[in-house]
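Structure file protein.cif (mmCIF, N, CA and C atoms) is printed below.
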data_query
loop_
_atom_site.label_atom_id
_atom_site.label_comp_id
_atom_site.auth_asym_id
_atom_site.auth_seq_id
_atom_site.Cartn_x
_atom_site.Cartn_y
_atom_site.Cartn_z
N MET B 164 11.60 -42.25 -67.60
CA MET B 164 10.54 -41.75 -68.47
C MET B 164 11.19 -40.80 -69.49
N PRO B 165 10.80 -40.90 -70.72
CA PRO B 165 11.39 -40.03 -71.74
C PRO B 165 11.05 -38.56 -71.49
N SER B 166 11.95 -37.70 -71.94
CA SER B 166 11.75 -36.27 -71.71
C SER B 166 10.52 -35.74 -72.45
N LYS B 167 10.16 -36.35 -73.56
CA LYS B 167 8.97 -35.91 -74.31
C LYS B 167 7.70 -36.13 -73.48
N ALA B 168 7.62 -37.26 -72.78
CA ALA B 168 6.46 -37.55 -71.94
C ALA B 168 6.38 -36.57 -70.77
N LEU B 169 7.51 -36.27 -70.16
CA LEU B 169 7.52 -35.30 -69.06
C LEU B 169 7.10 -33.91 -69.55
N PHE B 170 7.56 -33.55 -70.74
CA PHE B 170 7.19 -32.26 -71.32
C PHE B 170 5.69 -32.19 -71.57
N LEU B 171 5.10 -33.27 -72.08
CA LEU B 171 3.66 -33.29 -72.32
C LEU B 171 2.86 -33.23 -71.02
N ILE B 172 3.32 -33.93 -70.00
CA ILE B 172 2.63 -33.90 -68.70
C ILE B 172 2.71 -32.51 -68.09
N ALA B 173 3.90 -31.90 -68.12
CA ALA B 173 4.07 -30.55 -67.57
C ALA B 173 3.25 -29.54 -68.36
N GLY B 174 3.23 -29.66 -69.69
CA GLY B 174 2.44 -28.75 -70.52
C GLY B 174 0.96 -28.87 -70.24
N THR B 175 0.48 -30.10 -70.06
CA THR B 175 -0.93 -30.31 -69.74
C THR B 175 -1.28 -29.71 -68.39
N ALA B 176 -0.42 -29.89 -67.41
CA ALA B 176 -0.67 -29.34 -66.07
C ALA B 176 -0.70 -27.81 -66.12
N ILE B 177 0.19 -27.21 -66.87
CA ILE B 177 0.22 -25.75 -66.99
C ILE B 177 -1.04 -25.24 -67.68
N CYS B 178 -1.45 -25.91 -68.76
CA CYS B 178 -2.67 -25.50 -69.47
C CYS B 178 -3.91 -25.63 -68.60
N LEU B 179 -3.99 -26.71 -67.82
CA LEU B 179 -5.14 -26.88 -66.92
C LEU B 179 -5.16 -25.81 -65.83
N THR B 180 -3.99 -25.47 -65.30
CA THR B 180 -3.92 -24.43 -64.27
C THR B 180 -4.34 -23.08 -64.83
N ILE B 181 -3.84 -22.74 -66.01
CA ILE B 181 -4.21 -21.47 -66.64
C ILE B 181 -5.70 -21.45 -66.94
N GLY B 182 -6.23 -22.54 -67.44
CA GLY B 182 -7.67 -22.63 -67.73
C GLY B 182 -8.51 -22.49 -66.48
N TYR B 183 -8.06 -23.07 -65.38
CA TYR B 183 -8.78 -22.98 -64.11
C TYR B 183 -8.88 -21.52 -63.64
N PHE B 184 -7.73 -20.83 -63.63
CA PHE B 184 -7.75 -19.45 -63.16
C PHE B 184 -8.50 -18.53 -64.12
N PHE B 185 -8.44 -18.80 -65.43
CA PHE B 185 -9.20 -18.00 -66.37
C PHE B 185 -10.69 -18.19 -66.17
N SER B 186 -11.13 -19.42 -65.87
CA SER B 186 -12.56 -19.65 -65.65
C SER B 186 -13.04 -18.94 -64.38
N ILE B 187 -12.21 -18.91 -63.34
CA ILE B 187 -12.58 -18.17 -62.13
C ILE B 187 -12.65 -16.67 -62.43
N TYR B 188 -11.68 -16.19 -63.18
CA TYR B 188 -11.64 -14.78 -63.57
C TYR B 188 -12.88 -14.42 -64.39
N ALA B 189 -13.29 -15.29 -65.31
CA ALA B 189 -14.48 -15.04 -66.12
C ALA B 189 -15.74 -15.11 -65.26
N ALA B 190 -15.79 -16.03 -64.30
CA ALA B 190 -16.96 -16.15 -63.44
C ALA B 190 -17.13 -14.93 -62.54
N CYS B 191 -16.04 -14.25 -62.24
CA CYS B 191 -16.09 -13.04 -61.41
C CYS B 191 -16.36 -11.80 -62.26
N GLY B 192 -16.71 -11.97 -63.50
CA GLY B 192 -17.03 -10.82 -64.35
C GLY B 192 -15.81 -10.07 -64.81
N PHE B 193 -14.68 -10.75 -64.95
CA PHE B 193 -13.42 -10.15 -65.39
C PHE B 193 -13.01 -8.97 -64.51
N ASN B 194 -13.26 -9.11 -63.21
CA ASN B 194 -12.87 -8.10 -62.24
C ASN B 194 -11.37 -8.24 -61.96
N PRO B 195 -10.58 -7.18 -62.14
CA PRO B 195 -9.14 -7.31 -61.93
C PRO B 195 -8.75 -7.60 -60.48
N ASP B 196 -9.65 -7.42 -59.53
CA ASP B 196 -9.35 -7.64 -58.12
C ASP B 196 -9.87 -8.98 -57.61
N PHE B 197 -10.14 -9.94 -58.50
CA PHE B 197 -10.81 -11.15 -58.05
C PHE B 197 -9.99 -11.96 -57.07
N LEU B 198 -8.67 -11.98 -57.19
CA LEU B 198 -7.86 -12.71 -56.22
C LEU B 198 -7.85 -12.02 -54.86
N ALA B 199 -7.82 -10.69 -54.86
CA ALA B 199 -7.86 -9.94 -53.61
C ALA B 199 -9.22 -10.09 -52.93
N ILE B 200 -10.29 -10.09 -53.72
CA ILE B 200 -11.62 -10.26 -53.17
C ILE B 200 -11.75 -11.64 -52.55
N ASN B 201 -11.24 -12.67 -53.22
CA ASN B 201 -11.33 -14.02 -52.70
C ASN B 201 -10.56 -14.17 -51.40
N SER B 202 -9.34 -13.66 -51.35
CA SER B 202 -8.57 -13.80 -50.11
C SER B 202 -9.18 -12.99 -48.98
N CYS B 203 -9.79 -11.86 -49.30
CA CYS B 203 -10.45 -11.04 -48.29
C CYS B 203 -11.64 -11.78 -47.68
N THR B 204 -12.51 -12.31 -48.53
CA THR B 204 -13.70 -12.99 -48.01
C THR B 204 -13.36 -14.31 -47.34
N GLU B 205 -12.31 -14.99 -47.81
CA GLU B 205 -11.91 -16.23 -47.17
C GLU B 205 -11.33 -16.00 -45.78
N SER B 206 -10.75 -14.83 -45.53
CA SER B 206 -10.19 -14.55 -44.22
C SER B 206 -11.24 -13.94 -43.28
N GLY B 207 -12.47 -13.82 -43.74
CA GLY B 207 -13.54 -13.32 -42.88
C GLY B 207 -13.81 -11.85 -43.02
N GLY B 208 -13.26 -11.22 -44.02
CA GLY B 208 -13.47 -9.79 -44.23
C GLY B 208 -14.60 -9.52 -45.20
N ARG B 209 -14.77 -8.25 -45.50
CA ARG B 209 -15.79 -7.81 -46.44
C ARG B 209 -15.11 -6.88 -47.44
N TRP B 210 -15.32 -7.11 -48.73
CA TRP B 210 -14.69 -6.32 -49.77
C TRP B 210 -15.49 -5.05 -50.01
N ASN B 211 -14.81 -3.91 -49.95
CA ASN B 211 -15.43 -2.62 -50.24
C ASN B 211 -15.10 -2.29 -51.70
N TYR B 212 -16.12 -2.34 -52.55
CA TYR B 212 -15.91 -2.13 -53.99
C TYR B 212 -15.59 -0.67 -54.31
N GLU B 213 -16.07 0.26 -53.51
CA GLU B 213 -15.82 1.67 -53.79
C GLU B 213 -14.36 2.04 -53.55
N SER B 214 -13.80 1.59 -52.42
CA SER B 214 -12.41 1.93 -52.12
C SER B 214 -11.44 0.83 -52.56
N ARG B 215 -11.97 -0.27 -53.08
CA ARG B 215 -11.18 -1.42 -53.52
C ARG B 215 -10.24 -1.90 -52.41
N SER B 216 -10.82 -2.10 -51.22
CA SER B 216 -10.03 -2.55 -50.08
C SER B 216 -10.82 -3.56 -49.26
N CYS B 217 -10.09 -4.29 -48.43
CA CYS B 217 -10.69 -5.29 -47.57
C CYS B 217 -10.99 -4.68 -46.21
N GLU B 218 -12.20 -4.86 -45.74
CA GLU B 218 -12.60 -4.37 -44.42
C GLU B 218 -12.69 -5.57 -43.50
N LYS B 219 -11.85 -5.58 -42.47
CA LYS B 219 -11.88 -6.66 -41.49
C LYS B 219 -13.06 -6.46 -40.56
N LEU B 220 -13.83 -7.49 -40.36
CA LEU B 220 -14.99 -7.42 -39.48
C LEU B 220 -14.57 -7.79 -38.07
N PRO B 221 -15.16 -7.16 -37.07
CA PRO B 221 -14.79 -7.50 -35.69
C PRO B 221 -15.18 -8.94 -35.35
N GLY B 222 -14.30 -9.61 -34.65
CA GLY B 222 -14.58 -10.98 -34.22
C GLY B 222 -14.25 -12.03 -35.26
N THR B 223 -13.63 -11.66 -36.38
CA THR B 223 -13.27 -12.64 -37.38
C THR B 223 -11.82 -13.06 -37.22
N LEU B 224 -11.51 -14.22 -37.73
CA LEU B 224 -10.17 -14.78 -37.61
C LEU B 224 -9.26 -14.14 -38.63
N ASN B 225 -8.14 -13.65 -38.16
CA ASN B 225 -7.11 -13.12 -39.04
C ASN B 225 -5.91 -14.03 -38.89
N GLN B 226 -5.44 -14.61 -39.98
CA GLN B 226 -4.37 -15.60 -39.93
C GLN B 226 -3.09 -15.05 -39.30
N ALA B 227 -2.74 -13.81 -39.57
CA ALA B 227 -1.49 -13.25 -39.06
C ALA B 227 -1.55 -13.01 -37.56
N GLU B 228 -2.72 -12.70 -37.03
CA GLU B 228 -2.85 -12.39 -35.61
C GLU B 228 -3.24 -13.60 -34.76
N SER B 229 -3.49 -14.75 -35.39
CA SER B 229 -4.01 -15.89 -34.64
C SER B 229 -2.91 -16.82 -34.14
N GLN B 230 -1.66 -16.44 -34.23
CA GLN B 230 -0.59 -17.30 -33.77
C GLN B 230 -0.51 -17.25 -32.25
N ILE B 231 -0.38 -18.41 -31.64
CA ILE B 231 -0.29 -18.51 -30.19
C ILE B 231 1.19 -18.60 -29.81
N VAL B 232 1.61 -17.76 -28.91
CA VAL B 232 3.00 -17.75 -28.45
C VAL B 232 3.00 -18.17 -26.99
N TYR B 233 3.77 -19.20 -26.68
CA TYR B 233 3.88 -19.68 -25.32
C TYR B 233 5.19 -19.16 -24.72
N ASP B 234 5.08 -18.53 -23.56
CA ASP B 234 6.27 -18.04 -22.88
C ASP B 234 6.92 -19.17 -22.09
N GLN B 235 8.22 -19.22 -22.15
CA GLN B 235 8.97 -20.23 -21.40
C GLN B 235 9.29 -19.65 -20.00
N PRO B 236 9.05 -20.44 -18.95
CA PRO B 236 9.34 -19.93 -17.60
C PRO B 236 10.82 -19.87 -17.31
#

Spit out the file's structure as structure tokens when you get a sec.
Amino acid sequence: MPSKALFLIAGTAICLTIGYFFSIYAACGFNPDFLAINSCTESGGRWNYESRSCEKLPGTLNQAESQIVYDQP
């Protein structure tokens, strides 16, 4: 494939990705913490807007703590 075609495909993919994230950013009211808020709520937490931090709720799944380790006898 010619390098010009690859350049156009890569440029289109980059523009679509930037447009996607900008539209999410705009939908969140241009909040600078929108990625942190999304990852917090996706992991089962609650975002505290006053302290700008994630509050983990009891009984929710936390990806880092959910690993199962099997002991070898």

Report the centre and edge lengths, in Å to one decimal, of an axis-aligned box enclosing every atom of range 208-222 of chain B listed in the file, padded by 4 Å on each side, as AutoDock Vina command-line options.
--center_x -13.1 --center_y -5.0 --center_z -44.3 --size_x 14.1 --size_y 22.1 --size_z 28.1

Surrounding residues of Ile200 in chain B excluding itself and chain neighbours under 3 positions, 8 Å, only N, CA and C atoms, as a list in words: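 Those residues are Pro195, Asp196, Phe197, Cys203, Thr204, Glu205, Ser206, Arg209, Trp210, Asn211, Ser216 and Cys217 of chain B.
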
Take atom N of Pro221 in chain B and CA of Ala199 in chain B and report the distance between them in Å, one decimal. 18.3 Å

At what distance in Å, to one decimal, does atom N of Tyr183 in chain B lie from atom C of Glu218 in chain B?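 Separation of atom C of Glu218 in chain B and atom N of Tyr183 in chain B: 28.4 Å.
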
Pairwise distance, CA of Lys219 in chain B with CA of Gly207 in chain B, equals 7.0 Å

Among the residues B:Tyr212, B:Leu220, B:Ile172, B:Lys167, the one that comes closest to Asn194 in chain B [using only C-alpha atoms]: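 Ranked by minimum distance to Asn194 in chain B, first place goes to B:Tyr212.
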
Return as a PyMOL selection string the full set of residues in range 165-213 of chain B whose backbone-based DSSP assignment is alpha helix (DSSP H). chain B and resi 166-190+197-205
